[in-house]
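One structure is given here, and the rest of the page talks about it.
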Amino acid sequence: MLQGSRTNCQGVEIDKIMATQLLTLVFWEFLQNLLMLCSFVAGVWFWKQQKRLISVICMALTGIGGPIFMHYTEPLIAGASALSEPALEASLINNIVVFSLTAVIFTLYMAAEWSIWTTDVLFSTIIALIMVVTQWVAASQLPWQRILFHAGALGMAFPLCTVSLRIILDKSTNLKAALYATTLVTIVISILIALIDYVPFVIIQK
């Protein structure tokens with residue numbers, strides 16, 4: 001009976017630890033994504049308003065500030081695990097180049113009058129795959145299963161995020177409302193990425 005109680009207590013303690021780890025994952029993933037998505041939305045918004053300089057500054061915040069923030073906060077998500085996100089293992093310079101190009105391409109794409117939500121799915125999926133390949137090349141020492149889950153996470157998150165941001169940009173009457181809605185989308189996207197890209201490797205395998 002005593003042994004059973006100890007086992008139950010240990011099980012509850014493990015559940016609490018895993019829950020804490022999951023919340024930590026989602027929290028830092030949310031902050032990483034929030035910086036990049038809000039600056040991206042602002043960049044598109046100002047580009048459409050013909051405020052090019054402010055838009056370029058927002059692109060720089062997305063493409064340069066985002067990877068730098070991610071580089072230094074990723075250990076808080078994955079800890080010391082060798083199975084951390086491929087973006088962490090890739091060089092910081094590589095990430096800055098990739099994210100900067102992505103920010104510029106996505107901003108111009110979202111601001112283009114010919115782009116619609118149906119093209120968003122195809123376009124964002126292609127960009128996600130390209131990003132995964134570049135990160136895989138820089139982090140080729142990671143197991144293929146880890147890369148596969150990372151690809152799955154981005155492959156699902158990118159189209160969902162792109163379509164959602166298009167709706168936000170089309171429907172919002174001001175930038176403040178757009179950023180508020182983007183924050184809500186970021187929560188959903190962050191939970192999705194955390195569950196697919198981190199939980200099987202950072203939490204379950206510990």
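Order determines the names: the first chain of the structure tokens is A, the second B, and so forth; residues in each chain are numbered 1 upward, and ligands are numbered 1 upward as they are shown.
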
Selection near A:Ile187, 10 Å with only C-alpha atoms, sequence-local residues under 3 positions removed, as number ranges by chain: A: 26-27, 29-31, 33-34, 182-184, 190-192

Can you write out the residues you just picked, keeping C-alpha atoms, as an mmCIF file, in the first residue's frame?
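Everything below was put into result-v7.cif:
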data_model
loop_
_atom_site.group_PDB
_atom_site.id
_atom_site.type_symbol
_atom_site.label_atom_id
_atom_site.label_comp_id
_atom_site.auth_asym_id
_atom_site.auth_seq_id
_atom_site.Cartn_x
_atom_site.Cartn_y
_atom_site.Cartn_z
ATOM 1 C CA VAL A 26 4.805 27.384 -25.272
ATOM 2 C CA PHE A 27 5.800 30.588 -23.444
ATOM 3 C CA GLU A 29 7.910 29.771 -28.478
ATOM 4 C CA PHE A 30 5.144 32.368 -28.185
ATOM 5 C CA LEU A 31 7.588 35.209 -27.464
ATOM 6 C CA ASN A 33 6.908 34.047 -32.779
ATOM 7 C CA LEU A 34 5.264 37.187 -31.406
ATOM 8 C CA THR A 182 -1.904 38.675 -34.566
ATOM 9 C CA THR A 183 -1.159 38.031 -30.895
ATOM 10 C CA LEU A 184 -4.126 35.678 -30.689
ATOM 11 C CA SER A 190 2.968 28.523 -30.845
ATOM 12 C CA ILE A 191 0.969 25.738 -29.218
ATOM 13 C CA LEU A 192 0.870 23.856 -32.528
#

Give me, as a PyMOL selection string, the residues of stretch 108-167 of chain A that a backbone DSSP run labels helix (DSSP H, G or I). chain A and resi 108-111+117-138+144-167

Point-to-point distance from atom CA of A:Ser55 to atom CA of A:Thr162, Å rounded to tenths: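 Between atom CA of A:Ser55 and atom CA of A:Thr162 the gap is 18.0 Å.
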
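Remark: for A:Phe40, the closest of the candidate residues A:Leu22, A:Val163, A:Val97, A:Met59 is A:Met59 (distances computed over only C-alpha atoms).
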
One decimal, Å: what's the distance from atom CA of A:Leu61 over to atom CA of A:Leu23, could you say?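 These atoms are spaced 25.9 Å apart.
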
Could you list, as a PyMOL selection string, every residue within 10 Å of A:Thr107, counting only C-alpha atoms and ignoring same-chain residues fewer than 5 positions away? chain A and resi 40-45+47-48+55-56+58-59+101-102+112

The selected residues should be written to file as an mmCIF file, in the first residue's frame (atoms: C-alpha atoms).
data_model
loop_
_atom_site.group_PDB
_atom_site.id
_atom_site.type_symbol
_atom_site.label_atom_id
_atom_site.label_comp_id
_atom_site.auth_asym_id
_atom_site.auth_seq_id
_atom_site.Cartn_x
_atom_site.Cartn_y
_atom_site.Cartn_z
ATOM 1 C CA PHE A 40 5.992 41.287 -40.045
ATOM 2 C CA VAL A 41 2.359 42.420 -39.887
ATOM 3 C CA ALA A 42 3.496 45.962 -39.132
ATOM 4 C CA GLY A 43 5.896 45.779 -42.073
ATOM 5 C CA VAL A 44 3.153 44.756 -44.484
ATOM 6 C CA TRP A 45 0.800 47.357 -43.037
ATOM 7 C CA TRP A 47 4.305 48.972 -46.946
ATOM 8 C CA LYS A 48 0.668 49.192 -48.074
ATOM 9 C CA SER A 55 8.316 48.956 -43.350
ATOM 10 C CA VAL A 56 11.986 48.159 -44.009
ATOM 11 C CA CYS A 58 10.003 46.208 -39.470
ATOM 12 C CA MET A 59 11.444 43.735 -41.990
ATOM 13 C CA LEU A 101 14.986 36.992 -47.215
ATOM 14 C CA THR A 102 11.765 35.363 -46.013
ATOM 15 C CA ALA A 112 0.773 42.393 -53.802
#

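The smallest atom-to-atom distance between A:Leu160 and any of A:Leu179, A:Ile77, A:Ile193, A:Ala111, using only C-alpha atoms, is found for A:Ile193.
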
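Here atom CA of A:Phe158 stands at a distance of 5.6 Å from atom CA of A:Ser124.
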
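Neighbours of A:Leu195 closer than or equal to 12 Å, with only C-alpha atoms counted and sequence neighbours fewer than 3 positions away skipped, come out as A:Gln21, A:Leu22, A:Leu23, A:Leu25, A:Val26, A:Glu29, A:Phe149, A:His150, A:Gly152, A:Ala153, A:Leu154, A:Met156, A:Ala157, A:Val188, A:Ile189, A:Ser190, A:Ile191, A:Leu192, A:Tyr198, A:Val199, A:Pro200, A:Phe201, A:Val202, A:Ile203, A:Ile204.
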
Just N, CA, C and O atoms for this one: save the residues we selected as an mmCIF file, in the first residue's frame.
data_model
loop_
_atom_site.group_PDB
_atom_site.id
_atom_site.type_symbol
_atom_site.label_atom_id
_atom_site.label_comp_id
_atom_site.auth_asym_id
_atom_site.auth_seq_id
_atom_site.Cartn_x
_atom_site.Cartn_y
_atom_site.Cartn_z
ATOM 1 N N GLN A 21 7.180 21.995 -18.028
ATOM 2 C CA GLN A 21 8.026 22.035 -19.226
ATOM 3 C C GLN A 21 7.222 22.460 -20.452
ATOM 4 O O GLN A 21 7.701 23.246 -21.269
ATOM 5 N N LEU A 22 6.012 21.939 -20.574
ATOM 6 C CA LEU A 22 5.170 22.277 -21.713
ATOM 7 C C LEU A 22 4.820 23.760 -21.707
ATOM 8 O O LEU A 22 4.873 24.432 -22.746
ATOM 9 N N LEU A 23 4.464 24.282 -20.540
ATOM 10 C CA LEU A 23 4.143 25.706 -20.431
ATOM 11 C C LEU A 23 5.354 26.566 -20.767
ATOM 12 O O LEU A 23 5.218 27.617 -21.399
ATOM 13 N N LEU A 25 7.807 25.690 -22.786
ATOM 14 C CA LEU A 25 7.963 25.590 -24.236
ATOM 15 C C LEU A 25 7.060 26.580 -24.957
ATOM 16 O O LEU A 25 7.501 27.344 -25.820
ATOM 17 N N VAL A 26 5.795 26.537 -24.605
ATOM 18 C CA VAL A 26 4.805 27.384 -25.272
ATOM 19 C C VAL A 26 5.108 28.854 -25.018
ATOM 20 O O VAL A 26 4.996 29.699 -25.925
ATOM 21 N N GLU A 29 8.273 29.871 -27.058
ATOM 22 C CA GLU A 29 7.910 29.771 -28.478
ATOM 23 C C GLU A 29 6.986 30.927 -28.853
ATOM 24 O O GLU A 29 7.111 31.518 -29.936
ATOM 25 N N PHE A 149 9.928 15.975 -38.006
ATOM 26 C CA PHE A 149 8.934 16.625 -37.140
ATOM 27 C C PHE A 149 8.996 18.146 -37.303
ATOM 28 O O PHE A 149 7.968 18.832 -37.289
ATOM 29 N N HIS A 150 10.210 18.668 -37.447
ATOM 30 C CA HIS A 150 10.370 20.110 -37.644
ATOM 31 C C HIS A 150 9.705 20.546 -38.944
ATOM 32 O O HIS A 150 9.026 21.572 -39.004
ATOM 33 N N GLY A 152 7.255 18.974 -40.422
ATOM 34 C CA GLY A 152 5.818 18.863 -40.225
ATOM 35 C C GLY A 152 5.243 20.056 -39.488
ATOM 36 O O GLY A 152 4.161 20.564 -39.833
ATOM 37 N N ALA A 153 5.973 20.524 -38.464
ATOM 38 C CA ALA A 153 5.504 21.673 -37.687
ATOM 39 C C ALA A 153 5.426 22.936 -38.544
ATOM 40 O O ALA A 153 4.410 23.643 -38.541
ATOM 41 N N LEU A 154 6.497 23.205 -39.293
ATOM 42 C CA LEU A 154 6.492 24.398 -40.148
ATOM 43 C C LEU A 154 5.528 24.245 -41.313
ATOM 44 O O LEU A 154 4.886 25.210 -41.727
ATOM 45 N N MET A 156 2.718 22.798 -41.346
ATOM 46 C CA MET A 156 1.357 23.058 -40.885
ATOM 47 C C MET A 156 1.186 24.505 -40.431
ATOM 48 O O MET A 156 0.158 25.135 -40.689
ATOM 49 N N ALA A 157 2.202 25.034 -39.736
ATOM 50 C CA ALA A 157 2.085 26.362 -39.144
ATOM 51 C C ALA A 157 2.135 27.482 -40.187
ATOM 52 O O ALA A 157 1.375 28.458 -40.089
ATOM 53 N N VAL A 188 -2.037 30.371 -30.890
ATOM 54 C CA VAL A 188 -2.435 29.104 -31.523
ATOM 55 C C VAL A 188 -1.258 28.468 -32.255
ATOM 56 O O VAL A 188 -0.983 27.266 -32.111
ATOM 57 N N ILE A 189 -0.545 29.274 -33.030
ATOM 58 C CA ILE A 189 0.594 28.777 -33.801
ATOM 59 C C ILE A 189 1.678 28.234 -32.866
ATOM 60 O O ILE A 189 2.295 27.190 -33.134
ATOM 61 N N SER A 190 1.919 28.926 -31.789
ATOM 62 C CA SER A 190 2.968 28.523 -30.845
ATOM 63 C C SER A 190 2.641 27.194 -30.171
ATOM 64 O O SER A 190 3.525 26.352 -29.982
ATOM 65 N N ILE A 191 1.390 27.010 -29.816
ATOM 66 C CA ILE A 191 0.969 25.738 -29.218
ATOM 67 C C ILE A 191 1.136 24.605 -30.225
ATOM 68 O O ILE A 191 1.631 23.516 -29.889
ATOM 69 N N LEU A 192 0.746 24.861 -31.473
ATOM 70 C CA LEU A 192 0.870 23.856 -32.528
ATOM 71 C C LEU A 192 2.329 23.442 -32.729
ATOM 72 O O LEU A 192 2.648 22.240 -32.774
ATOM 73 N N TYR A 198 8.519 20.047 -30.431
ATOM 74 C CA TYR A 198 9.288 19.940 -29.203
ATOM 75 C C TYR A 198 8.881 18.786 -28.289
ATOM 76 O O TYR A 198 9.735 18.066 -27.768
ATOM 77 N N VAL A 199 7.590 18.645 -28.063
ATOM 78 C CA VAL A 199 7.116 17.681 -27.055
ATOM 79 C C VAL A 199 7.682 16.271 -27.265
ATOM 80 O O VAL A 199 8.158 15.661 -26.304
ATOM 81 N N PRO A 200 7.664 15.715 -28.482
ATOM 82 C CA PRO A 200 8.172 14.344 -28.640
ATOM 83 C C PRO A 200 9.656 14.184 -28.329
ATOM 84 O O PRO A 200 10.095 13.090 -28.017
ATOM 85 N N PHE A 201 10.412 15.275 -28.399
ATOM 86 C CA PHE A 201 11.871 15.174 -28.251
ATOM 87 C C PHE A 201 12.400 15.810 -26.973
ATOM 88 O O PHE A 201 13.357 15.343 -26.384
ATOM 89 N N VAL A 202 11.778 16.895 -26.562
ATOM 90 C CA VAL A 202 12.268 17.640 -25.400
ATOM 91 C C VAL A 202 11.627 17.151 -24.114
ATOM 92 O O VAL A 202 12.276 17.100 -23.062
ATOM 93 N N ILE A 203 10.336 16.776 -24.165
ATOM 94 C CA ILE A 203 9.621 16.382 -22.950
ATOM 95 C C ILE A 203 9.496 14.865 -22.835
ATOM 96 O O ILE A 203 9.922 14.277 -21.846
ATOM 97 N N ILE A 204 8.931 14.228 -23.845
ATOM 98 C CA ILE A 204 8.626 12.809 -23.753
ATOM 99 C C ILE A 204 9.872 11.961 -23.599
ATOM 100 O O ILE A 204 9.903 10.993 -22.849
#

Contacts of A:Ile64 at 9 Å (only C-alpha atoms; same-chain gap of 4+ positions) as number ranges by chain: A: 59-60, 68-69, 95-97, 99-100

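Nearest residue to A:Ile105 among A:Tyr180, A:Gln135, A:Thr62, A:Ile93 is A:Thr62, counting only C-alpha atoms.
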
Considering only C-alpha atoms, return as a list of chain:residue names whatever protein or nucleic-acid residues lie within 9 Å of stretch 130-132 of chain A, sequence-local ones (same chain, fewer than 2 positions apart) excluded. A:Pro86, A:Ala87, A:Val98, A:Phe99, A:Thr102, A:Thr125, A:Ile126, A:Ile127, A:Ala128, A:Thr134, A:Gln135, A:Trp136, A:Val137, A:Ile147, A:His150, A:Ala151, A:Leu154
